[in-house]
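Okay, run.txt now, which holds compact mmCIF, C-alpha atoms:
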# COMPACT_ATOMS: atom_id res chain seq x y z
CA MET A 1 26.72 -22.50 9.70
CA SER A 2 24.66 -19.49 8.60
CA LYS A 3 25.20 -16.07 10.15
CA VAL A 4 21.90 -14.50 11.22
CA ILE A 5 21.63 -10.84 12.29
CA ASN A 6 18.31 -9.10 13.08
CA GLY A 7 16.56 -12.28 11.96
CA VAL A 8 18.10 -11.91 8.49
CA ASN A 9 20.24 -14.78 7.20
CA VAL A 10 23.25 -12.74 6.16
CA THR A 11 24.97 -15.76 4.60
CA ASP A 12 21.98 -16.18 2.26
CA LEU A 13 21.85 -12.43 1.65
CA MET A 14 25.50 -12.41 0.54
CA GLN A 15 24.87 -15.44 -1.68
CA THR A 16 21.89 -13.64 -3.23
CA MET A 17 24.06 -10.63 -3.96
CA GLU A 18 26.72 -12.83 -5.59
CA ALA A 19 24.04 -14.59 -7.67
CA VAL A 20 22.68 -11.24 -8.88
CA LYS A 21 26.18 -9.99 -9.70
CA ALA A 22 26.78 -13.14 -11.76
CA ASP A 23 23.41 -12.90 -13.53
CA PRO A 24 21.45 -9.64 -13.22
CA THR A 25 18.26 -11.29 -14.55
CA VAL A 26 18.03 -13.02 -11.14
CA ALA A 27 17.15 -9.58 -9.74
CA LYS A 28 13.96 -9.21 -11.78
CA PHE A 29 10.80 -9.56 -9.71
CA ARG A 30 7.17 -9.20 -10.70
CA PHE A 31 4.48 -8.94 -8.04
CA ARG A 32 0.80 -9.24 -8.83
CA LEU A 33 -2.67 -9.58 -7.39
CA ASN A 34 -6.26 -10.02 -8.38
CA ASN A 35 -8.84 -7.71 -6.87
CA GLU A 36 -12.58 -8.30 -6.77
CA TRP A 37 -15.15 -5.66 -5.93
CA LEU A 38 -17.63 -6.84 -3.29
CA GLU A 39 -19.91 -3.87 -2.49
CA GLY A 40 -19.58 -0.10 -2.13
CA GLY A 41 -16.08 0.62 -0.84
CA HIS A 42 -15.45 -3.02 0.04
CA ASN A 43 -13.18 -5.12 -2.17
CA ARG A 44 -10.77 -8.01 -1.75
CA SER A 45 -7.32 -8.64 -3.18
CA THR A 46 -5.97 -12.15 -3.61
CA LEU A 47 -2.19 -12.54 -3.64
CA ASN A 48 -0.44 -15.75 -4.43
CA GLU A 49 2.11 -16.08 -7.18
CA PHE A 50 4.99 -13.79 -7.97
CA TYR A 51 7.95 -14.05 -10.29
CA GLY A 52 11.52 -13.63 -9.08
CA ALA A 53 15.03 -15.11 -9.10
CA GLY A 54 14.30 -16.65 -12.49
CA GLN A 55 11.12 -18.49 -11.68
CA LEU A 56 7.43 -18.25 -10.83
CA HIS A 57 6.72 -18.87 -7.13
CA HIS A 58 3.39 -20.25 -5.93
CA ARG A 59 2.42 -19.90 -2.30
CA ALA A 60 0.75 -22.87 -0.63
CA LYS A 61 -2.08 -20.59 0.44
CA SER A 62 -3.23 -17.26 -0.99
CA PHE A 63 -3.25 -14.10 1.09
CA LEU A 64 -6.63 -12.34 1.05
CA ILE A 65 -6.63 -8.62 1.78
CA HIS A 66 -9.90 -6.82 2.30
CA ALA A 67 -10.22 -3.05 1.92
CA ASP A 68 -13.19 -0.95 2.96
CA GLU A 69 -13.96 2.62 3.93
CA PRO A 70 -14.91 3.90 7.38
CA THR A 71 -18.54 4.97 7.86
CA VAL A 72 -17.66 8.67 7.58
CA LEU A 73 -16.45 7.81 4.06
CA LEU A 74 -19.65 5.83 3.42
CA GLY A 75 -18.22 2.35 3.94
CA ARG A 76 -18.82 -0.26 6.61
CA ASP A 77 -15.32 -0.12 8.15
CA GLN A 78 -14.71 -3.83 7.74
CA ALA A 79 -11.04 -3.33 6.86
CA PRO A 80 -8.44 -0.57 6.46
CA ASN A 81 -9.00 1.74 3.52
CA PRO A 82 -6.71 1.96 0.45
CA ALA A 83 -4.91 5.09 1.69
CA GLU A 84 -4.10 3.27 4.94
CA TYR A 85 -2.67 0.34 2.93
CA LEU A 86 -0.37 2.76 1.12
CA LEU A 87 0.94 4.01 4.49
CA THR A 88 1.29 0.39 5.65
CA ALA A 89 3.36 -0.48 2.58
CA LEU A 90 5.62 2.48 3.29
CA ALA A 91 6.15 1.76 6.99
CA ALA A 92 6.75 -1.94 6.38
CA CYS A 93 9.19 -1.38 3.53
CA VAL A 94 11.33 1.28 5.20
CA THR A 95 11.50 -0.91 8.31
CA SER A 96 12.54 -4.06 6.44
CA SER A 97 15.04 -2.18 4.28
CA LEU A 98 16.64 -0.71 7.38
CA VAL A 99 16.78 -4.11 9.10
CA TYR A 100 18.22 -5.95 6.07
CA HIS A 101 20.86 -3.33 5.30
CA ALA A 102 21.87 -3.12 8.95
CA ALA A 103 22.27 -6.91 8.97
CA ALA A 104 24.44 -6.77 5.83
CA ARG A 105 26.72 -4.32 7.67
CA GLY A 106 26.79 -6.37 10.87
CA ILE A 107 24.74 -3.79 12.82
CA LYS A 108 22.54 -5.40 15.46
CA ILE A 109 19.16 -3.76 16.07
CA GLU A 110 17.08 -4.36 19.19
CA GLU A 111 13.81 -2.67 18.26
CA VAL A 112 12.26 -0.51 15.57
CA ALA A 113 8.88 1.19 15.82
CA SER A 114 7.46 3.82 13.54
CA GLN A 115 4.50 6.07 13.18
CA VAL A 116 3.39 7.14 9.73
CA GLU A 117 0.68 9.66 8.97
CA GLY A 118 -0.50 11.34 5.82
CA ASP A 119 -2.88 14.13 4.87
CA VAL A 120 -5.58 13.84 2.25
CA ASP A 121 -8.04 16.58 1.31
CA VAL A 122 -11.05 14.72 -0.08
CA ARG A 123 -12.12 17.74 -2.13
CA GLY A 124 -9.78 16.17 -4.71
CA PHE A 125 -11.50 12.79 -4.59
CA LEU A 126 -14.94 14.40 -4.61
CA GLY A 127 -14.03 16.48 -7.66
CA LEU A 128 -14.98 19.69 -5.86
CA ASP A 129 -11.77 21.63 -6.43
CA PRO A 130 -9.42 20.85 -9.33
CA SER A 131 -6.60 22.73 -7.57
CA VAL A 132 -6.65 20.16 -4.72
CA ARG A 133 -4.79 16.94 -5.52
CA ASN A 134 -6.58 13.62 -5.08
CA GLY A 135 -3.69 11.93 -3.32
CA PHE A 136 -1.72 12.44 -0.16
CA GLN A 137 -0.48 16.01 0.19
CA ASN A 138 2.35 14.86 2.39
CA ILE A 139 3.39 11.93 4.55
CA ARG A 140 5.40 12.05 7.77
CA MET A 141 7.26 9.10 9.26
CA THR A 142 8.85 8.96 12.70
CA LEU A 143 11.29 6.09 13.17
CA ALA A 144 12.21 5.14 16.72
CA ILE A 145 15.19 2.79 16.90
CA HIS A 146 16.70 0.91 19.81
CA ALA A 147 20.30 -0.07 19.01
CA ASP A 148 23.70 0.39 20.62
CA LEU A 149 24.66 3.27 18.33
CA THR A 150 25.62 6.94 18.49
CA ASP A 151 23.11 9.58 17.35
CA LYS A 152 25.02 9.94 14.09
CA GLN A 153 24.95 6.18 13.52
CA LEU A 154 21.19 6.13 14.23
CA GLU A 155 20.66 8.72 11.50
CA GLU A 156 22.81 6.70 9.10
CA LEU A 157 20.83 3.57 9.94
CA SER A 158 17.56 5.39 9.23
CA SER A 159 18.89 6.60 5.90
CA LEU A 160 19.62 2.98 4.90
CA GLY A 161 15.90 2.33 5.31
CA THR A 162 14.74 5.23 3.17
CA GLY A 163 17.71 4.98 0.82
CA PHE A 164 17.04 1.40 -0.27
CA SER A 165 13.30 0.91 0.24
CA PRO A 166 11.41 0.06 -2.97
CA VAL A 167 8.14 1.49 -1.61
CA PHE A 168 9.80 4.69 -0.33
CA ASP A 169 11.22 5.26 -3.81
CA SER A 170 7.90 4.39 -5.46
CA VAL A 171 5.90 6.74 -3.24
CA THR A 172 8.30 9.68 -3.21
CA ASN A 173 9.26 9.56 -6.89
CA GLY A 174 6.16 8.03 -8.43
CA VAL A 175 5.71 5.09 -10.78
CA PRO A 176 4.23 5.02 -14.30
CA VAL A 177 0.93 3.11 -14.13
CA THR A 178 -0.83 1.93 -17.28
CA VAL A 179 -4.48 0.93 -17.14
CA ARG A 180 -6.35 -1.22 -19.64
CA THR A 181 -10.13 -1.51 -19.46
CA GLU A 182 -12.11 -4.41 -20.81
CA ARG A 183 -15.63 -5.75 -20.72
CA MET A 184 -15.86 -8.59 -18.23
CA LYS A 185 -16.39 -12.02 -19.76
CA THR A 186 -18.62 -14.48 -17.91
CA GLU A 187 -15.67 -16.91 -17.69
CA GLN A 188 -13.59 -14.24 -16.02
CA THR A 189 -16.14 -13.80 -13.26
CA ALA A 190 -15.75 -17.43 -12.30
CA ASP A 191 -11.94 -17.09 -12.29
CA ALA A 192 -12.04 -14.06 -10.05
CA ALA A 193 -14.24 -15.74 -7.43
CA MET B 1 -35.50 7.05 2.06
CA SER B 2 -31.82 6.84 1.04
CA LYS B 3 -30.85 6.10 -2.54
CA VAL B 4 -28.22 3.35 -2.71
CA ILE B 5 -26.35 2.51 -5.94
CA ASN B 6 -23.49 0.01 -6.12
CA GLY B 7 -23.70 -0.31 -2.34
CA VAL B 8 -22.94 3.41 -1.99
CA ASN B 9 -25.46 5.57 -0.18
CA VAL B 10 -25.77 8.31 -2.77
CA THR B 11 -27.99 10.43 -0.53
CA ASP B 12 -25.20 10.50 2.07
CA LEU B 13 -22.60 11.10 -0.65
CA MET B 14 -24.49 14.15 -1.90
CA GLN B 15 -24.90 15.41 1.68
CA THR B 16 -21.13 14.96 2.21
CA MET B 17 -20.43 17.00 -0.91
CA GLU B 18 -22.76 19.78 0.27
CA ALA B 19 -21.11 19.76 3.72
CA VAL B 20 -17.65 20.07 2.13
CA LYS B 21 -18.83 22.88 -0.15
CA ALA B 22 -20.19 24.73 2.89
CA ASP B 23 -17.01 24.15 4.94
CA PRO B 24 -13.90 22.90 3.09
CA THR B 25 -12.17 21.98 6.39
CA VAL B 26 -14.60 19.02 6.56
CA ALA B 27 -12.61 17.55 3.65
CA LYS B 28 -9.35 17.31 5.60
CA PHE B 29 -8.42 13.75 6.52
CA ARG B 30 -5.36 12.39 8.28
CA PHE B 31 -4.63 8.66 8.25
CA ARG B 32 -2.02 7.10 10.48
CA LEU B 33 -0.60 3.85 11.76
CA ASN B 34 1.96 2.46 14.14
CA ASN B 35 4.37 -0.16 12.87
CA GLU B 36 6.42 -2.49 15.01
CA TRP B 37 9.33 -4.57 13.75
CA LEU B 38 9.06 -8.23 14.78
CA GLU B 39 11.97 -10.08 13.13
CA GLY B 40 13.84 -9.98 9.82
CA GLY B 41 11.38 -8.91 7.14
CA HIS B 42 8.38 -9.40 9.44
CA ASN B 43 6.64 -6.38 10.94
CA ARG B 44 3.13 -5.41 11.99
CA SER B 45 1.12 -2.26 11.49
CA THR B 46 -1.67 -1.27 13.86
CA LEU B 47 -4.38 0.98 12.47
CA ASN B 48 -7.10 2.49 14.53
CA GLU B 49 -7.73 6.22 14.72
CA PHE B 50 -7.90 8.67 11.89
CA TYR B 51 -8.95 12.29 11.63
CA GLY B 52 -11.60 13.45 9.20
CA ALA B 53 -14.79 15.49 8.80
CA GLY B 54 -13.70 17.70 11.68
CA GLN B 55 -13.06 15.05 14.30
CA LEU B 56 -10.88 12.20 15.45
CA HIS B 57 -12.44 8.78 14.83
CA HIS B 58 -11.61 5.75 16.98
CA ARG B 59 -12.43 2.30 15.72
CA ALA B 60 -13.86 -0.19 18.20
CA LYS B 61 -11.12 -2.63 17.25
CA SER B 62 -7.71 -1.99 15.68
CA PHE B 63 -6.76 -3.52 12.35
CA LEU B 64 -3.46 -5.42 12.49
CA ILE B 65 -1.58 -5.81 9.22
CA HIS B 66 1.42 -8.10 9.07
CA ALA B 67 4.06 -7.79 6.36
CA ASP B 68 6.80 -10.29 5.62
CA GLU B 69 9.00 -11.34 2.71
CA PRO B 70 8.83 -14.61 0.78
CA THR B 71 11.64 -17.09 1.39
CA VAL B 72 13.40 -16.16 -1.86
CA LEU B 73 13.70 -12.68 -0.34
CA LEU B 74 14.92 -14.17 2.94
CA GLY B 75 11.65 -13.91 4.87
CA ARG B 76 9.27 -16.54 6.19
CA ASP B 77 6.35 -15.68 3.89
CA GLN B 78 3.91 -15.16 6.75
CA ALA B 79 2.18 -12.25 5.02
CA PRO B 80 2.30 -10.22 1.78
CA ASN B 81 5.38 -8.08 1.33
CA PRO B 82 5.39 -4.27 1.31
CA ALA B 83 5.50 -4.02 -2.49
CA GLU B 84 2.40 -6.24 -2.66
CA TYR B 85 0.63 -3.92 -0.19
CA LEU B 86 1.37 -0.98 -2.47
CA LEU B 87 -0.28 -2.83 -5.38
CA THR B 88 -3.20 -3.73 -3.09
CA ALA B 89 -3.68 -0.08 -2.14
CA LEU B 90 -3.73 0.85 -5.81
CA ALA B 91 -6.20 -1.84 -6.93
CA ALA B 92 -8.52 -1.18 -4.00
CA CYS B 93 -8.50 2.60 -4.44
CA VAL B 94 -9.09 2.66 -8.19
CA THR B 95 -11.94 0.15 -7.73
CA SER B 96 -13.64 2.13 -4.95
CA SER B 97 -13.19 5.44 -6.75
CA LEU B 98 -14.79 3.98 -9.87
CA VAL B 99 -17.69 2.53 -7.88
CA TYR B 100 -18.37 5.72 -5.89
CA HIS B 101 -18.19 8.04 -8.88
CA ALA B 102 -20.39 5.72 -10.92
CA ALA B 103 -22.93 5.77 -8.09
CA ALA B 104 -22.84 9.58 -7.95
CA ARG B 105 -23.72 9.59 -11.68
CA GLY B 106 -26.45 6.95 -11.30
CA ILE B 107 -24.45 4.30 -13.20
CA LYS B 108 -25.16 0.80 -11.94
CA ILE B 109 -22.22 -1.63 -11.96
CA GLU B 110 -22.63 -5.40 -11.76
CA GLU B 111 -19.04 -6.53 -11.26
CA VAL B 112 -15.50 -5.18 -11.22
CA ALA B 113 -12.36 -7.30 -11.15
CA SER B 114 -8.81 -6.20 -11.72
CA GLN B 115 -5.34 -7.57 -12.03
CA VAL B 116 -2.41 -5.42 -11.04
CA GLU B 117 1.22 -6.29 -11.53
CA GLY B 118 4.45 -4.40 -11.12
CA ASP B 119 8.12 -4.92 -11.90
CA VAL B 120 10.93 -4.44 -9.42
CA ASP B 121 14.61 -5.02 -10.14
CA VAL B 122 16.14 -5.80 -6.74
CA ARG B 123 19.58 -4.63 -7.87
CA GLY B 124 18.26 -1.26 -6.66
CA PHE B 125 17.32 -2.54 -3.22
CA LEU B 126 20.57 -4.50 -2.93
CA GLY B 127 22.61 -1.42 -3.84
CA LEU B 128 24.33 -3.26 -6.68
CA ASP B 129 23.62 -0.80 -9.48
CA PRO B 130 22.92 2.89 -8.79
CA SER B 131 21.37 3.25 -12.26
CA VAL B 132 18.58 0.82 -11.29
CA ARG B 133 15.79 2.41 -9.25
CA ASN B 134 14.79 0.82 -5.93
CA GLY B 135 11.08 1.07 -6.58
CA PHE B 136 8.62 -0.27 -9.12
CA GLN B 137 9.78 0.36 -12.68
CA ASN B 138 6.22 0.22 -13.90
CA ILE B 139 2.80 -1.02 -12.85
CA ARG B 140 0.08 -2.40 -15.13
CA MET B 141 -3.59 -2.64 -14.20
CA THR B 142 -6.29 -4.44 -16.13
CA LEU B 143 -9.83 -3.50 -15.13
CA ALA B 144 -12.62 -5.84 -16.17
CA ILE B 145 -16.07 -4.33 -15.71
CA HIS B 146 -19.51 -5.85 -16.04
CA ALA B 147 -22.11 -3.14 -16.59
CA ASP B 148 -24.81 -2.37 -19.13
CA LEU B 149 -22.69 0.19 -20.97
CA THR B 150 -21.22 0.82 -24.42
CA ASP B 151 -17.47 0.37 -24.95
CA LYS B 152 -17.01 4.13 -24.84
CA GLN B 153 -18.95 4.37 -21.57
CA LEU B 154 -16.82 1.56 -20.10
CA GLU B 155 -13.68 3.56 -20.86
CA GLU B 156 -15.21 6.65 -19.29
CA LEU B 157 -16.15 4.65 -16.21
CA SER B 158 -12.60 3.36 -15.90
CA SER B 159 -11.23 6.88 -16.17
CA LEU B 160 -13.42 7.93 -13.23
CA GLY B 161 -11.54 5.35 -11.17
CA THR B 162 -8.08 6.52 -12.13
CA GLY B 163 -9.11 10.16 -12.37
CA PHE B 164 -10.30 10.46 -8.78
CA SER B 165 -8.36 7.79 -6.87
CA PRO B 166 -6.16 9.19 -4.08
CA VAL B 167 -3.76 6.23 -4.28
CA PHE B 168 -3.54 6.34 -8.09
CA ASP B 169 -2.54 10.01 -7.85
CA SER B 170 -0.12 9.30 -4.98
CA VAL B 171 1.59 6.44 -6.82
CA THR B 172 1.74 8.00 -10.27
CA ASN B 173 2.70 11.53 -9.19
CA GLY B 174 4.56 10.83 -5.96
CA VAL B 175 4.17 12.29 -2.48
CA PRO B 176 6.70 14.22 -0.38
CA VAL B 177 7.67 12.05 2.59
CA THR B 178 9.57 13.46 5.56
CA VAL B 179 11.33 11.10 7.98
CA ARG B 180 12.41 11.89 11.51
CA THR B 181 14.66 9.48 13.39
CA GLU B 182 14.86 9.22 17.15
CA ARG B 183 16.34 6.99 19.79
CA MET B 184 13.67 4.72 21.21
CA LYS B 185 12.68 5.44 24.78
CA THR B 186 11.85 2.51 27.03
CA GLU B 187 8.35 3.96 27.56
CA GLN B 188 7.81 3.99 23.81
CA THR B 189 8.50 0.27 23.56
CA ALA B 190 5.63 -0.43 25.90
CA ASP B 191 3.34 1.89 23.91
CA ALA B 192 4.13 0.14 20.66
CA ALA B 193 3.35 -3.32 22.02
Could you rewrite the structure in this file as structure tokens?
Amino acid sequence: MSKVINGVNVTDLMQTMEAVKADPTVAKFRFRLNNEWLEGGHNRSTLNEFYGAGQLHHRAKSFLIHADEPTVLLGRDQAPNPAEYLLTALAACVTSSLVYHAAARGIKIEEVASQVEGDVDVRGFLGLDPSVRNGFQNIRMTLAIHADLTDKQLEELSSLGTGFSPVFDSVTNGVPVTVRTERMKTEQTADAA
Amino acid sequence: MSKVINGVNVTDLMQTMEAVKADPTVAKFRFRLNNEWLEGGHNRSTLNEFYGAGQLHHRAKSFLIHADEPTVLLGRDQAPNPAEYLLTALAACVTSSLVYHAAARGIKIEEVASQVEGDVDVRGFLGLDPSVRNGFQNIRMTLAIHADLTDKQLEELSSLGTGFSPVFDSVTNGVPVTVRTERMKTEQTADAA
């Protein structure tokens, strides 16, 4: 019988940890997507396969994620914009990391809600002031947790989220990104559709 | 009559730049979201209002973004995972930045497609090896562009994307993130629903 806490199968989680300890290559994951520009600030990412736990995984159905810009940023507001997806990644990852690590420690959580907001000065994007960065100047997250815990334990629980989250680490510490540019082949266009 | 290139209204873009030059506070944007934990690795972000160009903007309809984990990461694979949303934000932002800045320079683009992939070693997330980072170890992007340009011009076009993208800057250089933890109030639960 599996032990499930916070919706996380802790028996499987412990087995995963043992498998990784026995063979660290099991821990290597590679996520990927294909993005296609549609028009103006509107583009669409297609996510399906990823590599992890020693094999390539194919989803039965791809996830399609549209991005656009609001009208004030000259888009048609058909979807969240890229900066909003970055904040989404952060909120989702800190939340899941908190929930998983609580489960691993046997801590039951009733509810978690968060608000994340970040400031961007578009003088950077517009190239109007080189002293203004293009990206977020800062991001603030408020985590509200409902659990039968003391104030000190609530803080510790929150720090599990930020302390283990892959996206929190990526966003706060940065990631090296390499970019290769190529001329599109006609064949490639068909693949990307 | 507005001039539109690559689906971007360049007349409006130039007017935006003039407005920002006249009053830099117009350039200040604040994006935000509310996230609610559902179960295990499944949570949902709600995006609606944002601040920018001197006012708060409300969308007619909120965008709901679900995140989950694939089964190999103990989720139910109902949506992309947070790491995949980070890659999505990056691909979308570099693409839009490239398209907008090309439009501002009068460069017509036919097609843009990209592939983005990133490596994560989950020994970091699992807390099994403190020498392994939690986040992406590296991210690779391949940008395929179809435009009537020389190879050198294609490279320059690509560098407009990376050179002005808010998410590219955020991910490569990092962003300070502050987190505040609080006990959930019953009223708050209703708000988040």
Correct to one decimal, the distance atom CA of Val175 of chain B-atom CA of Ala53 of chain B is 22.3 Å
Residue with the minimum atom-to-atom distance to Lys21 of chain B, picked from A:Leu126, A:Val171, A:Ile109, A:Leu143 with only C-alpha atoms counted, is A:Leu126
Could you name the residues that touch Ala104 of chain A at 12 Å or less, counting all atoms listed in the file, but leaving out those on the same chain fewer than 3 positions away, as a list of chain:residue names?
A:Lys3, A:Val4, A:Ile5, A:Asn6, A:Gly7, A:Val8, A:Asn9, A:Val10, A:Thr11, A:Asp12, A:Leu13, A:Met14, A:Gln15, A:Thr16, A:Met17, A:Ser97, A:Leu98, A:Val99, A:Tyr100, A:His101, A:Ile107, A:Lys108, A:Ile109, A:Leu157, A:Leu160, B:Gly40, B:Leu126, B:Gly127
query: From the list B:Tyr51, B:Ala103, B:Asn34, B:Gly163, which residue is nearest chain A when using all atoms listed in the file?
result: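 Ranked by minimum distance to chain A, first place goes to B:Asn34.
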| field | Option closest in space to Asp119 of chain B, from A:Leu47, A:Leu38, A:Met1, A:Val177 [counting all atoms listed in the file] | value |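 The shortest atom-to-atom distance to Asp119 of chain B comes from A:Val177.
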Write out as number ranges by chain each polymer residue whose atoms come within 9 Å of segment 60-67 of chain A, counting only C-alpha atoms; drop sequence neighbours fewer than 5 positions from it. A: 35, 41-49, 77-82, 85; B: 79-80, 85, 88-89, 92-93
Create the file for the chosen residues now, containing C-alpha atoms and written as a short mmCIF file (atom, residue, chain, number, x, y, z; two decimals), in the coordinates of the input.
data_model
loop_
_atom_site.label_atom_id
_atom_site.label_comp_id
_atom_site.auth_asym_id
_atom_site.auth_seq_id
_atom_site.Cartn_x
_atom_site.Cartn_y
_atom_site.Cartn_z
CA ASN A 35 -8.84 -7.71 -6.87
CA GLY A 41 -16.08 0.62 -0.84
CA HIS A 42 -15.45 -3.02 0.04
CA ASN A 43 -13.18 -5.12 -2.17
CA ARG A 44 -10.77 -8.01 -1.75
CA SER A 45 -7.32 -8.64 -3.18
CA THR A 46 -5.97 -12.15 -3.61
CA LEU A 47 -2.19 -12.54 -3.64
CA ASN A 48 -0.44 -15.75 -4.43
CA GLU A 49 2.11 -16.08 -7.18
CA ASP A 77 -15.32 -0.12 8.15
CA GLN A 78 -14.71 -3.83 7.74
CA ALA A 79 -11.04 -3.33 6.86
CA PRO A 80 -8.44 -0.57 6.46
CA ASN A 81 -9.00 1.74 3.52
CA PRO A 82 -6.71 1.96 0.45
CA TYR A 85 -2.67 0.34 2.93
CA ALA B 79 2.18 -12.25 5.02
CA PRO B 80 2.30 -10.22 1.78
CA TYR B 85 0.63 -3.92 -0.19
CA THR B 88 -3.20 -3.73 -3.09
CA ALA B 89 -3.68 -0.08 -2.14
CA ALA B 92 -8.52 -1.18 -4.00
CA CYS B 93 -8.50 2.60 -4.44
#
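Closest approach to chain B from the set A:Val179, A:Ala19, A:Ala147, A:Val132 is made by A:Val179, with distances taken over all atoms listed in the file.
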Using only C-alpha atoms, which residues sit within 10 Å of Arg133 of chain B once same-chain residues fewer than 3 positions away are excluded, as a PyMOL selection string? (chain A and resi 164-166+169-170+173) or (chain B and resi 120-125+127+129-130+136-137)
Which residues come within 8 Å of segment 110-116 of chain B, counting all atoms listed in the file, excluding same-chain residues fewer than 4 positions away, as a PyMOL selection string? (chain A and resi 32-37+184+189+192) or (chain B and resi 6+87+91+95+139-147)
From atom CA of Gly161 of chain B to atom CA of Gly52 of chain A the spacing works out at 29.9 Å
Nearest to Leu90 of chain A among B:Ser2, B:Gly135, B:Lys152, B:Glu182, with distances taken over only C-alpha atoms: which residue is it?
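Closest residue, counting only C-alpha atoms: B:Gly135.
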Legend entry - Pairwise distance for atom CA of Lys28 of chain B and atom CA of His58 of chain B, rounded to one decimal in Å: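 Atom-to-atom, atom CA of Lys28 of chain B to atom CA of His58 of chain B, that is 16.4 Å.
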(request) Give the answer as one residue: which of B:Ser159, B:Asn138, B:Gln55, B:Thr71 has the shortest atom-to-atom distance to Ala27 of chain B, using only C-alpha atoms? (result)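 Counting only C-alpha atoms, the residue closest to Ala27 of chain B is B:Gln55.
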Would you compute the box with edges along x, y and z of the file around segment 3-20 of chain A, including every atom the file lists for it and 6 Å extra on each side, and give its centre and edge lengths in Å to one decimal, as JSON?
{"center_x": 21.6, "center_y": -12.6, "center_z": 2.1, "size_x": 22.2, "size_y": 19.1, "size_z": 34.0}
Supply segment 60-64 of chain B as an mmCIF file, keeping the file's coordinate frame, with all heavy atoms built in where the input has gaps.
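result.cif written:
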data_model
loop_
_atom_site.group_PDB
_atom_site.id
_atom_site.type_symbol
_atom_site.label_atom_id
_atom_site.label_comp_id
_atom_site.auth_asym_id
_atom_site.auth_seq_id
_atom_site.Cartn_x
_atom_site.Cartn_y
_atom_site.Cartn_z
ATOM 1 N N ALA B 60 -13.622 0.657 17.038
ATOM 2 C CA ALA B 60 -13.860 -0.190 18.200
ATOM 3 C C ALA B 60 -12.714 -1.200 18.353
ATOM 4 O O ALA B 60 -12.328 -1.560 19.461
ATOM 5 C CB ALA B 60 -15.190 -0.923 18.054
ATOM 6 N N LYS B 61 -12.175 -1.624 17.236
ATOM 7 C CA LYS B 61 -11.120 -2.630 17.250
ATOM 8 C C LYS B 61 -10.051 -2.214 16.229
ATOM 9 O O LYS B 61 -10.384 -1.788 15.128
ATOM 10 C CB LYS B 61 -11.733 -3.974 16.811
ATOM 11 C CG LYS B 61 -11.029 -5.199 17.348
ATOM 12 C CD LYS B 61 -11.756 -6.460 16.901
ATOM 13 C CE LYS B 61 -10.765 -7.557 16.560
ATOM 14 N NZ LYS B 61 -11.397 -8.725 15.950
ATOM 15 N N SER B 62 -8.779 -2.339 16.606
ATOM 16 C CA SER B 62 -7.710 -1.990 15.680
ATOM 17 C C SER B 62 -7.582 -3.033 14.572
ATOM 18 O O SER B 62 -7.866 -4.213 14.785
ATOM 19 C CB SER B 62 -6.369 -1.922 16.420
ATOM 20 O OG SER B 62 -6.392 -0.890 17.377
ATOM 21 N N PHE B 63 -7.142 -2.592 13.415
ATOM 22 C CA PHE B 63 -6.760 -3.520 12.350
ATOM 23 C C PHE B 63 -5.259 -3.782 12.470
ATOM 24 O O PHE B 63 -4.470 -2.841 12.604
ATOM 25 C CB PHE B 63 -7.047 -2.907 10.972
ATOM 26 C CG PHE B 63 -8.497 -2.687 10.682
ATOM 27 C CD1 PHE B 63 -8.992 -1.413 10.421
ATOM 28 C CD2 PHE B 63 -9.379 -3.762 10.667
ATOM 29 C CE1 PHE B 63 -10.339 -1.218 10.145
ATOM 30 C CE2 PHE B 63 -10.725 -3.573 10.386
ATOM 31 C CZ PHE B 63 -11.210 -2.302 10.129
ATOM 32 N N LEU B 64 -4.876 -5.049 12.449
ATOM 33 C CA LEU B 64 -3.460 -5.420 12.490
ATOM 34 C C LEU B 64 -3.068 -5.949 11.116
ATOM 35 O O LEU B 64 -3.712 -6.848 10.584
ATOM 36 C CB LEU B 64 -3.215 -6.525 13.528
ATOM 37 C CG LEU B 64 -3.591 -6.185 14.975
ATOM 38 C CD1 LEU B 64 -3.279 -7.364 15.897
ATOM 39 C CD2 LEU B 64 -2.840 -4.932 15.442
#
